[in-house]
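What follows is the content of model-v6.pdb (PDB, C-alpha atoms).
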```pdb
MODEL        1
ATOM      1  CA  MET U   4     103.501  87.492  78.581
ATOM      2  CA  ILE U   5     106.079  86.622  81.244
ATOM      3  CA  LEU U   6     105.977  90.030  82.973
ATOM      4  CA  LYS U   7     102.243  89.794  83.463
ATOM      5  CA  ASP U   8     102.416  86.246  84.761
ATOM      6  CA  SER U   9     105.237  86.781  87.264
ATOM      7  CA  THR U  10     103.985  90.208  88.346
ATOM      8  CA  GLN U  11     100.466  88.911  88.822
ATOM      9  CA  GLN U  12     101.676  85.802  90.662
ATOM     10  CA  ARG U  13     103.688  87.891  93.131
ATOM     11  CA  ALA U  14     100.747  90.265  93.619
ATOM     12  CA  PHE U  15      98.330  87.405  94.178
ATOM     13  CA  GLY U  16     100.677  85.897  96.754
ATOM     14  CA  ILE U  17     100.604  89.198  98.640
ATOM     15  CA  LEU U  18      96.823  89.509  98.373
ATOM     16  CA  ALA U  19      96.411  85.910  99.546
ATOM     17  CA  ASP U  20      98.842  86.242 102.469
ATOM     18  CA  LYS U  21      98.177  89.785 103.630
ATOM     19  CA  CYS U  22      94.610  90.580 102.538
ATOM     20  CA  ASN U  23      92.550  87.418 102.248
ATOM     21  CA  VAL U  24      93.366  86.400 105.810
ATOM     22  CA  CYS U  25      91.200  89.231 107.099
ATOM     23  CA  HIS U  26      88.817  89.531 104.146
ATOM     24  CA  ALA U  27      87.814  85.870 104.456
ATOM     25  CA  GLN U  28      86.548  86.581 107.969
ATOM     26  CA  ARG U  29      85.322  90.169 107.759
ATOM     27  CA  ASN U  30      84.621  90.986 104.112
ATOM     28  CA  ARG U  31      83.847  87.806 102.203
ATOM     29  CA  GLY U  32      82.637  89.760  99.188
ATOM     30  CA  ARG U  33      86.169  91.003  98.632
ATOM     31  CA  VAL U  34      88.236  87.858  98.853
ATOM     32  CA  PHE U  35      90.811  88.039  96.091
ATOM     33  CA  THR U  36      91.298  85.219  93.615
ATOM     34  CA  GLU U  37      93.525  84.978  90.571
ATOM     35  CA  ASP U  38      90.386  85.325  88.460
ATOM     36  CA  ASN U  39      88.972  88.466  90.109
ATOM     37  CA  MET U  40      92.041  90.341  91.365
ATOM     38  CA  ASN U  41      92.435  92.537  88.272
ATOM     39  CA  SER U  42      88.878  93.800  88.655
ATOM     40  CA  TRP U  43      89.816  95.143  92.108
ATOM     41  CA  THR U  44      92.949  96.991  90.950
ATOM     42  CA  ASN U  45      91.531 100.507  91.373
ATOM     43  CA  ASP U  46      90.126  99.755  94.833
ATOM     44  CA  ILE U  47      93.378  98.125  95.944
ATOM     45  CA  TYR U  48      95.357 101.113  94.701
ATOM     46  CA  GLN U  49      93.050 103.507  96.537
ATOM     47  CA  GLN U  50      93.054 101.605  99.839
ATOM     48  CA  VAL U  51      96.743 100.620  99.947
ATOM     49  CA  PHE U  52      98.568 103.483  98.255
ATOM     50  CA  ILE U  53      96.320 106.553  98.521
ATOM     51  CA  GLU U  54      94.385 106.165 101.768
ATOM     52  CA  LYS U  55      96.924 103.767 103.319
ATOM     53  CA  ARG U  56      94.099 101.923 105.093
ATOM     54  CA  MET U  57      95.053  98.422 104.039
ATOM     55  CA  PRO U  58      96.260  96.033 105.114
ATOM     56  CA  LYS U  59      95.078  96.689 108.651
ATOM     57  CA  GLY U  60      97.056  95.757 111.706
ATOM     58  CA  LYS U  61     100.720  95.434 112.476
ATOM     59  CA  LYS U  62     100.820  91.691 111.829
ATOM     60  CA  THR U  63      99.826  92.116 108.201
ATOM     61  CA  LYS U  64     102.035  95.069 107.381
ATOM     62  CA  LEU U  65     103.549  94.974 103.898
ATOM     63  CA  THR U  66     107.302  94.700 103.566
ATOM     64  CA  SER U  67     109.064  97.168 101.284
ATOM     65  CA  GLN U  68     109.373  94.454  98.632
ATOM     66  CA  GLU U  69     105.699  93.483  98.890
ATOM     67  CA  TYR U  70     104.700  97.123  98.642
ATOM     68  CA  GLN U  71     106.823  97.527  95.509
ATOM     69  CA  ASP U  72     105.588  94.260  93.963
ATOM     70  CA  LEU U  73     101.970  95.252  94.540
ATOM     71  CA  LEU U  74     102.573  98.712  93.082
ATOM     72  CA  THR U  75     104.274  97.170  90.026
ATOM     73  CA  TRP U  76     101.249  94.920  89.464
ATOM     74  CA  VAL U  77      98.779  97.798  89.945
ATOM     75  CA  SER U  78     100.726 100.005  87.533
ATOM     76  CA  TYR U  79     101.036  97.261  84.941
ATOM     77  CA  THR U  80      97.360  96.304  85.196
ATOM     78  CA  LYS U  81      96.131  99.896  85.021
ATOM     79  CA  THR U  82      98.337 100.529  81.980
ATOM     80  CA  GLN U  83      97.032  97.417  80.228
ATOM     81  CA  ASN U  84      93.414  98.259  81.016
ATOM     82  CA  ASN U  85      93.813 101.800  79.730
ATOM     83  CA  GLY U  86      95.454 100.628  76.547
ATOM     84  CA  ILE U  87      98.500 102.789  77.068
TER      85      ILE U  87
ENDMDL
END
```
Structure encoded using structure tokens:
Amino acid sequence: MILKDSTQQRAFGILADKCNVCHAQRNRGRVFTEDNMNSWTNDIYQQVFIEKRMPKGKKTKLTSQEYQDLLTWVSYTKTQNNGI
């Protein structure tokens, strides 16, 4: 499906650029790949949108568009996983 592919590609770009930079150094067990990113959806949602803990630092702050793209991917993935 095109929506899934483009939504997931944009989300992975954000995870790679804004999250993996730090995770690769400080939290290697949570480096996001295209293969594992969907399994982290709930944790990403919790840390980014609920607790607002990630990404850390001012240099890695999400733009409004990145925030929206990531939320679109999370929403789409959660909907697909719940069968709704």
- Return as a PyMOL selection string the set of residues that the PyMOL selection byres ((chain U and resi 73) around 9) yields on the displayed structure. chain U and resi 10-11+13-15+17-18+48+68-72+74-78
- For the atom pair atom CA of U:Arg56 and atom CA of U:Cys22, what is the interatomic distance in Å to one decimal place?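 Distance reported for this atom pair: 11.6 Å.
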- Straight-line distance linking atom CA of U:Val24 with atom CA of U:Pro58, stated in Å to one decimal: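 Going from atom CA of U:Val24 over to atom CA of U:Pro58 covers 10.1 Å.
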- Choose the residue, out of U:Glu37, U:Lys59, U:Gln49, U:Gly32, that has the smallest atom-to-atom separation from U:Ala19; count all atoms listed in the file.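 The closest residue to U:Ala19 is U:Glu37.
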- Quote the spacing between atom CA of U:Gln50 and atom CA of U:Asn84 in Å to one decimal place. 19.1 Å
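Closest approach to U:Asn45 from the set U:Thr80, U:Ala27, U:Gly60, U:Ser9 is made by U:Thr80, with distances taken over all atoms listed in the file.
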Using the file's own x, y and z axes, what box holds all listed atoms of stretch 68-78 of chain U with 8 Å on each side, keeping edges along x, y and z, and what are its centre and edge lengths in Å to one decimal, as lines of an AutoDock Vina configuration file?
```
center_x = 104.1
center_y = 96.7
center_z = 93.2
size_x = 26.6
size_y = 22.5
size_z = 27.4
```
- Query: With all atoms listed in the file as the atoms that count, which of U:Thr66, U:Gln12, U:Lys21, U:Lys81 lies nearest to U:Trp43?
  - Reply: U:Lys81
- Task: Determine the nearest neighbour of U:Asn23 from the options U:Ser67, U:Thr36, U:Thr82, U:Thr44, counting all atoms listed in the file.
- Result: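 Closest residue, counting all atoms listed in the file: U:Thr36.
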